[in-house]
>>> print(open('structure.txt').read())   # compact mmCIF, C-alpha atoms
# COMPACT_ATOMS: atom_id res chain seq x y z
CA MET A 20 10.05 67.60 -123.37
CA SER A 21 11.29 66.54 -119.94
CA THR A 22 13.47 68.85 -117.85
CA LEU A 23 16.40 66.50 -118.21
CA LEU A 24 16.18 66.39 -122.00
CA ILE A 25 15.97 70.18 -122.20
CA ALA A 26 19.01 70.45 -119.94
CA VAL A 27 20.95 68.04 -122.17
CA LYS A 28 19.91 69.93 -125.30
CA ASP A 29 20.73 73.37 -123.87
CA GLY A 30 24.01 72.06 -122.50
CA THR A 31 25.04 70.65 -125.86
CA ILE A 32 24.29 73.92 -127.65
CA LYS A 33 26.07 76.01 -124.99
CA GLY A 34 29.04 73.64 -125.00
CA PHE A 35 29.37 73.85 -128.74
CA LYS A 36 29.08 77.65 -128.80
CA THR A 37 31.58 78.08 -125.97
CA GLY A 38 33.89 75.63 -127.73
CA VAL A 39 33.83 77.64 -130.96
CA MET A 40 34.50 80.84 -129.00
CA LEU A 41 37.44 79.30 -127.15
CA LEU A 42 38.91 77.68 -130.25
CA LYS A 43 39.09 81.07 -131.95
CA ILE A 44 41.63 81.98 -129.28
CA MET A 45 43.25 78.57 -128.80
CA ILE A 46 44.11 77.79 -132.40
CA PRO A 47 46.11 81.02 -132.96
CA ILE A 48 47.94 80.43 -129.65
CA TYR A 49 48.70 76.88 -130.67
CA LEU A 50 49.96 77.91 -134.10
CA LEU A 51 52.12 80.66 -132.63
CA VAL A 52 53.64 78.25 -130.11
CA VAL A 53 54.46 75.73 -132.86
CA LEU A 54 56.27 78.51 -134.73
CA ILE A 55 58.14 79.59 -131.60
CA LYS A 56 59.04 75.98 -130.88
CA TYR A 57 60.83 75.61 -134.22
CA SER A 58 62.35 79.11 -134.16
CA PRO A 59 65.76 80.01 -132.75
CA ILE A 60 63.99 81.78 -129.87
CA MET A 61 63.07 78.42 -128.32
CA PRO A 62 66.56 77.09 -127.49
CA TRP A 63 67.35 80.49 -126.03
CA LEU A 64 64.15 80.52 -123.94
CA GLU A 65 64.86 76.97 -122.81
CA ARG A 66 68.35 77.85 -121.61
CA LEU A 67 67.18 81.07 -119.98
CA PHE A 68 64.43 79.39 -117.94
CA GLN A 69 66.15 76.06 -117.31
CA PRO A 70 67.35 77.07 -113.82
CA ALA A 71 64.01 78.61 -112.78
CA MET A 72 61.98 75.65 -114.09
CA SER A 73 64.29 73.08 -112.54
CA ILE A 74 63.12 74.04 -109.05
CA PHE A 75 59.73 72.61 -110.13
CA LYS A 76 61.51 69.61 -111.71
CA LEU A 77 60.35 70.91 -115.11
CA PRO A 78 62.30 71.36 -118.36
CA GLY A 79 62.92 74.92 -119.64
CA ASP A 80 60.12 74.50 -122.24
CA ALA A 81 57.54 74.55 -119.46
CA ILE A 82 57.86 78.34 -119.25
CA VAL A 83 55.86 78.59 -122.51
CA PRO A 84 52.52 77.14 -121.26
CA ILE A 85 52.94 78.74 -117.83
CA VAL A 86 53.48 82.26 -119.19
CA THR A 87 50.77 81.78 -121.83
CA GLY A 88 48.40 80.81 -119.03
CA LEU A 89 49.18 83.90 -116.95
CA PHE A 90 47.91 86.12 -119.74
CA THR A 91 45.26 83.96 -121.42
CA ASP A 92 43.44 81.14 -119.60
CA GLU A 93 43.40 77.39 -118.92
CA TYR A 94 42.64 76.76 -122.57
CA GLY A 95 45.68 78.80 -123.57
CA VAL A 96 47.79 76.55 -121.33
CA ILE A 97 46.44 73.46 -123.07
CA ALA A 98 47.05 74.98 -126.51
CA ALA A 99 50.60 76.00 -125.60
CA MET A 100 51.40 72.69 -123.91
CA LYS A 101 50.19 70.62 -126.81
CA SER A 102 53.20 70.92 -129.09
CA PHE A 103 55.71 69.77 -126.45
CA ASP A 104 56.38 66.28 -125.15
CA PHE A 105 55.88 66.53 -121.40
CA SER A 106 55.55 63.52 -119.11
CA MET A 107 52.44 62.96 -116.99
CA ALA A 108 54.21 64.21 -113.86
CA GLN A 109 55.40 67.32 -115.70
CA ILE A 110 51.93 68.01 -117.15
CA THR A 111 50.49 67.65 -113.66
CA THR A 112 53.00 70.14 -112.23
CA ILE A 113 52.37 72.62 -115.06
CA ALA A 114 48.61 72.17 -114.51
CA MET A 115 48.87 72.88 -110.78
CA ILE A 116 50.95 76.03 -111.33
CA ALA A 117 48.81 77.28 -114.20
CA LEU A 118 45.49 76.46 -112.54
CA THR A 119 46.49 78.45 -109.47
CA ALA A 120 47.67 81.49 -111.47
CA HIS A 121 46.02 82.10 -114.85
CA SER A 122 43.92 84.66 -116.78
CA LEU A 123 45.37 87.32 -114.52
CA PRO A 124 44.06 90.33 -116.51
CA VAL A 125 40.52 88.97 -116.98
CA GLU A 126 40.10 87.45 -113.53
CA SER A 127 41.51 90.56 -111.84
CA ALA A 128 38.90 92.65 -113.63
CA LEU A 129 36.28 90.18 -112.45
CA ALA A 130 37.56 90.41 -108.86
CA GLN A 131 37.24 94.19 -109.00
CA LYS A 132 33.67 93.84 -110.21
CA ILE A 133 32.70 91.53 -107.34
CA GLY A 134 34.43 93.75 -104.79
CA PHE A 135 37.53 91.68 -104.05
CA PRO A 136 40.94 93.42 -103.86
CA PRO A 137 42.53 92.46 -107.22
CA GLY A 138 46.12 93.33 -106.24
CA LYS A 139 46.12 91.19 -103.12
CA ILE A 140 44.53 88.26 -104.97
CA LEU A 141 47.13 88.57 -107.72
CA ILE A 142 50.05 88.43 -105.27
CA MET A 143 48.46 85.53 -103.38
CA ARG A 144 47.92 83.52 -106.56
CA ILE A 145 51.44 83.98 -107.90
CA ALA A 146 53.03 83.19 -104.52
CA LEU A 147 50.87 80.11 -103.98
CA ALA A 148 51.36 78.95 -107.59
CA ILE A 149 55.08 78.78 -106.78
CA VAL A 150 54.38 76.90 -103.53
CA ILE A 151 52.07 74.40 -105.21
CA GLY A 152 54.51 74.00 -108.10
CA LEU A 153 57.31 73.16 -105.67
CA LEU A 154 55.06 70.74 -103.84
CA THR A 155 53.78 68.96 -106.95
CA GLY A 156 57.22 68.89 -108.54
CA TRP A 157 58.68 67.46 -105.38
CA LEU A 158 55.96 64.81 -105.11
CA GLY A 159 56.07 64.35 -108.90
CA GLY A 160 57.37 60.81 -109.01
CA VAL A 161 54.35 59.59 -107.08
CA PHE A 162 51.93 60.65 -109.82
CA SER A 163 53.65 59.37 -112.92
CA MET B 2 64.05 76.94 -138.34
CA SER B 3 65.15 73.52 -137.21
CA ALA B 4 62.54 71.61 -139.23
CA GLY B 5 61.20 71.76 -142.77
CA PHE B 6 58.05 73.75 -143.48
CA ASP B 7 56.16 70.61 -144.50
CA VAL B 8 56.81 69.10 -141.07
CA ILE B 9 55.69 72.29 -139.32
CA LEU B 10 52.57 72.62 -141.46
CA ARG B 11 51.60 69.00 -140.89
CA GLU B 12 52.08 69.44 -137.14
CA MET B 13 49.94 72.59 -137.20
CA LEU B 14 47.14 70.87 -139.08
CA THR B 15 46.96 67.70 -137.00
CA GLY B 16 47.49 69.67 -133.77
CA SER B 17 44.69 72.11 -134.61
CA LEU B 18 42.31 69.27 -135.43
CA SER B 19 43.04 67.40 -132.24
CA THR B 20 42.68 70.66 -130.26
CA ILE B 21 39.21 71.12 -131.73
CA ILE B 22 38.27 67.55 -130.83
CA SER B 23 39.57 67.73 -127.28
CA VAL B 24 37.88 71.08 -126.58
CA MET B 25 34.50 69.82 -127.78
CA LYS B 26 35.00 66.55 -125.90
CA VAL B 27 35.39 68.56 -122.69
CA LEU B 28 32.96 71.42 -123.19
CA ILE B 29 29.84 69.65 -124.42
CA PRO B 30 29.67 67.16 -121.51
CA LEU B 31 30.68 69.96 -119.12
CA MET B 32 27.87 72.27 -120.22
CA ILE B 33 25.37 69.40 -120.01
CA ILE B 34 26.51 68.77 -116.42
CA VAL B 35 26.31 72.49 -115.59
CA GLU B 36 22.76 72.68 -117.01
CA ILE B 37 21.70 69.63 -115.00
CA LEU B 38 23.26 71.06 -111.82
CA MET B 39 21.33 74.30 -112.33
CA VAL B 40 17.98 72.79 -113.34
CA TYR B 41 17.90 70.46 -110.34
CA LYS B 42 19.41 73.08 -107.97
CA VAL B 43 22.02 70.52 -106.94
CA ILE B 44 24.50 73.04 -105.59
CA GLU B 45 21.88 74.89 -103.55
CA ARG B 46 20.94 71.60 -101.91
CA LEU B 47 24.55 70.59 -101.37
CA ALA B 48 25.38 73.97 -99.81
CA GLY B 49 22.79 73.39 -97.10
CA SER B 50 24.50 70.24 -95.94
CA LEU B 51 27.99 71.72 -95.89
CA GLU B 52 27.52 74.14 -93.00
CA GLY B 53 30.01 72.21 -90.88
CA ILE B 54 32.69 72.65 -93.51
CA GLY B 55 31.87 76.36 -93.58
CA ARG B 56 32.58 76.54 -89.88
CA ILE B 57 36.03 74.97 -90.34
CA LEU B 58 36.72 77.53 -93.07
CA GLY B 59 35.50 80.37 -90.86
CA MET B 60 32.58 81.23 -93.14
CA SER B 61 28.92 81.76 -92.44
CA ARG B 62 26.40 79.52 -94.19
CA ASN B 63 25.50 82.36 -96.56
CA ALA B 64 28.95 82.22 -98.12
CA ILE B 65 28.95 78.48 -98.83
CA PHE B 66 26.57 78.55 -101.79
CA PRO B 67 28.41 81.11 -103.97
CA LEU B 68 31.75 79.54 -103.06
CA LEU B 69 30.52 76.11 -104.09
CA VAL B 70 29.16 77.50 -107.37
CA GLY B 71 32.56 79.06 -108.15
CA VAL B 72 34.58 76.03 -107.10
CA VAL B 73 32.44 73.50 -108.94
CA MET B 74 31.32 75.41 -112.03
CA GLY B 75 33.79 78.23 -112.56
CA VAL B 76 34.80 81.70 -111.46
CA THR B 77 32.36 83.54 -113.74
CA TYR B 78 29.41 81.57 -112.35
CA GLY B 79 30.72 82.18 -108.81
CA ALA B 80 31.14 85.89 -109.46
CA GLY B 81 27.61 86.14 -110.83
CA THR B 82 26.22 84.38 -107.77
CA ILE B 83 28.12 86.63 -105.34
CA ILE B 84 26.89 89.75 -107.11
CA GLU B 85 23.30 88.44 -106.93
CA ILE B 86 23.59 87.52 -103.24
CA ASN B 87 25.14 90.86 -102.33
CA LYS B 88 22.12 92.61 -103.82
CA ARG B 89 19.78 90.76 -101.44
CA THR B 90 21.68 89.80 -98.27
CA PRO B 91 25.24 91.17 -98.47
CA LEU B 92 28.02 88.86 -97.29
CA SER B 93 30.18 90.08 -94.40
CA ARG B 94 33.67 91.42 -95.16
CA LYS B 95 35.26 88.34 -93.63
CA ASP B 96 33.07 85.99 -95.70
CA MET B 97 33.92 87.90 -98.86
CA ALA B 98 37.64 87.77 -98.14
CA LEU B 99 37.64 84.04 -97.39
CA VAL B 100 35.49 83.21 -100.41
CA ALA B 101 37.94 85.25 -102.52
CA VAL B 102 40.91 83.26 -101.21
CA PHE B 103 39.30 79.88 -101.84
CA MET B 104 37.59 80.68 -105.12
CA TYR B 105 40.60 82.33 -106.72
CA LEU B 106 42.88 79.43 -105.79
CA CYS B 107 40.53 76.73 -106.94
CA HIS B 108 37.65 77.14 -109.35
CA GLY B 109 35.89 75.27 -112.10
CA ILE B 110 37.10 71.88 -110.92
CA ILE B 111 34.78 69.92 -113.24
CA GLU B 112 35.93 71.88 -116.29
CA THR B 113 39.63 71.99 -115.46
CA GLY B 114 39.61 68.41 -114.22
CA PHE B 115 38.19 67.21 -117.54
CA LEU B 116 40.41 69.51 -119.58
CA PHE B 117 43.71 68.56 -117.95
CA TYR B 118 42.76 64.90 -117.77
CA VAL B 119 42.36 64.92 -121.54
CA ALA B 120 45.68 66.77 -121.77
CA GLY B 121 47.43 64.02 -119.80
CA ALA B 122 47.61 65.29 -116.21
CA ASN B 123 46.88 63.23 -113.11
CA VAL B 124 43.18 63.89 -112.62
CA LEU B 125 43.12 63.23 -108.88
CA VAL B 126 45.87 65.74 -108.27
CA VAL B 127 44.33 68.50 -110.39
CA THR B 128 40.92 68.08 -108.74
CA LEU B 129 41.25 66.74 -105.20
CA GLY B 130 44.80 68.02 -104.76
CA ARG B 131 43.76 71.57 -105.62
CA LEU B 132 40.65 71.37 -103.46
CA LEU B 133 42.70 70.20 -100.51
CA PHE B 134 45.30 72.91 -101.05
CA ALA B 135 42.70 75.70 -101.28
CA PHE B 136 40.91 74.25 -98.26
CA LEU B 137 44.05 74.27 -96.12
CA VAL B 138 45.06 77.77 -97.23
CA THR B 139 41.57 79.18 -96.51
CA MET B 140 41.44 77.39 -93.16
CA LEU B 141 44.76 78.92 -92.22
CA ALA B 142 43.77 82.36 -93.53
CA ALA B 143 40.59 82.31 -91.40
CA ARG B 144 42.82 81.97 -88.34
CA LEU B 145 45.14 84.86 -89.22
CA PRO B 146 44.49 88.08 -87.26
CA HIS B 147 44.13 89.98 -90.55
CA PHE B 148 41.03 87.97 -91.46
CA ARG B 149 39.82 87.25 -87.92
CA ASN B 150 39.60 90.91 -87.02
CA MET B 151 37.50 91.85 -90.04
CA THR B 152 34.30 93.52 -88.99
CA ASP B 153 31.63 95.26 -91.00
>>> encode(input="structure.txt", output="structure tokens")
Amino acid sequence: MSTLLIAVKDGTIKGFKTGVMLLKIMIPIYLLVVLIKYSPIMPWLERLFQPAMSIFKLPGDAIVPIVTGLFTDEYGVIAAMKSFDFSMAQITTIAMIALTAHSLPVESALAQKIGFPPGKILIMRIALAIVIGLLTGWLGGVFS
Amino acid sequence: MSAGFDVILREMLTGSLSTIISVMKVLIPLMIIVEILMVYKVIERLAGSLEGIGRILGMSRNAIFPLLVGVVMGVTYGAGTIIEINKRTPLSRKDMALVAVFMYLCHGIIETGFLFYVAGANVLVVTLGRLLFAFLVTMLAARLPHFRNMTD
């Protein structure tokens, strides 16, 4: 078999296996978020985070994918975002915040292993996630 | 509960199914691309031609390859590459610090670009926008005394 064909075959198998692994985490997150969305906690969460989220031009709901992302990963963000109706500009802002600061426990452990200072990286990521969120939110209209 | 259980159950079922489809739609092509990049040593070749960019970012040419791996393919691949490189020819403290800044702000652009494009984000912003942001931050960091004065 040619190198290219082997690469395609291996990639397909790896992609499928990784997908199954990720879905085992994503589906429970998604189901939990749907439950939270319909529970009385949601209106309360929305009101509580409305002021904080409005600086990013986001609705209060946006706190759910952002916080999920901090503790899980990009796939958790997607799973948590799925059950809400965000606009393209809002999804882009959530993506920029969450992609800058996500998987904090796992990626901090990884940083330690490589020899990077995990605490400093953590502070940098959270601070810059806020900066990039402000920037994207402010430019938001351009992208929708 | 503000909706009936049948509504919630139906939403859970269709949502779970479409989550499965969108994850597979992203991951299978992604892993094929990653395999091709590795088999043909694309990133190694690309790293060689990006020395100029390394200079703007204040990094030596040694640091470009692992950074590129992390930025393009993902933080776990980047981490693995850094650990491997440090076993042979250790990166300087300054290189490590600057790679950390860039890689932790922006990694796995193919994967996250795909993933958030499928989810409905603006794909140019989540790929090029993040690259540009990480680039500017790293460029600035390299000029701060804290990073500039790092010696081994």
>>> closest_residue(input="structure.txt", among="B:Ile34, B:Ala4, B:Val43, B:Leu99", to="Ile140 in chain A", atoms="only C-alpha atoms")
B:Leu99
>>> axis_aligned_box(input="structure.txt", around="range 49-66 of chain B", padding_each_side="4 Å", output="lines of an AutoDock Vina configuration file")
center_x = 29.8
center_y = 76.3
center_z = -95.8
size_x = 21.9
size_y = 20.1
size_z = 19.9
>>> interface_residues(input="structure.txt", of="chain B", to="chain A", cutoff="6 Å", atoms="all atoms listed in the file", output="list of chain:residue names")
B:Met2, B:Ser3, B:Met25, B:Leu28, B:Ile29, B:Met32, B:Ile33, B:Glu36, B:Ile37, B:Leu106, B:Gly121, B:Ala122, B:Asn123
>>> atom_distance(input="structure.txt", atom1="CA of Leu10 in chain B", atom2="CA of Tyr118 in chain B")
26.8 Å
>>> atom_distance(input="structure.txt", atom1="CA of Ile110 in chain B", atom2="CA of Val126 in chain B")
11.0 Å
>>> atom_distance(input="structure.txt", atom1="CA of Val72 in chain B", atom2="CA of Thr87 in chain A")
22.6 Å
>>> residues_around(input="structure.txt", residues="Phe136 in chain B", least_positions_apart="6", cutoff="10 Å", atoms="all atoms listed in the file", output="NGL selection string")
:B and (54 or 57-58 or 102-104 or 106-107 or 130 or 142)
>>> write_last_selection(input="structure.txt", atoms="C-alpha atoms", output="mmCIF file, keeping the file's coordinate frame")
data_model
loop_
_atom_site.group_PDB
_atom_site.id
_atom_site.type_symbol
_atom_site.label_atom_id
_atom_site.label_comp_id
_atom_site.auth_asym_id
_atom_site.auth_seq_id
_atom_site.Cartn_x
_atom_site.Cartn_y
_atom_site.Cartn_z
ATOM 1 C CA ILE B 54 32.690 72.650 -93.510
ATOM 2 C CA ILE B 57 36.030 74.970 -90.340
ATOM 3 C CA LEU B 58 36.720 77.530 -93.070
ATOM 4 C CA VAL B 102 40.910 83.260 -101.210
ATOM 5 C CA PHE B 103 39.300 79.880 -101.840
ATOM 6 C CA MET B 104 37.590 80.680 -105.120
ATOM 7 C CA LEU B 106 42.880 79.430 -105.790
ATOM 8 C CA CYS B 107 40.530 76.730 -106.940
ATOM 9 C CA GLY B 130 44.800 68.020 -104.760
ATOM 10 C CA ALA B 142 43.770 82.360 -93.530
#
>>> closest_residue(input="structure.txt", among="B:Gly53, B:Gly75, B:Ser61, B:Asn150", to="Ile111 in chain B", atoms="only C-alpha atoms")
B:Gly75
>>> residues_near_point(input="structure.txt", point="(53.4, 77.1, -118.6)", cutoff="9 Å", atoms="only C-alpha atoms", output="list in words")
Asp80, Ala81, Ile82, Val83, Pro84, Ile85, Val86, Thr87, Gly88, Leu89, Val96, Ala99, Met100, Ile113, Ala114, Ile116 and Ala117 of chain A
>>> closest_residue(input="structure.txt", among="A:Met20, A:Ile142, A:Ile48, A:Val150", to="Tyr105 in chain B", atoms="only C-alpha atoms")
A:Ile142
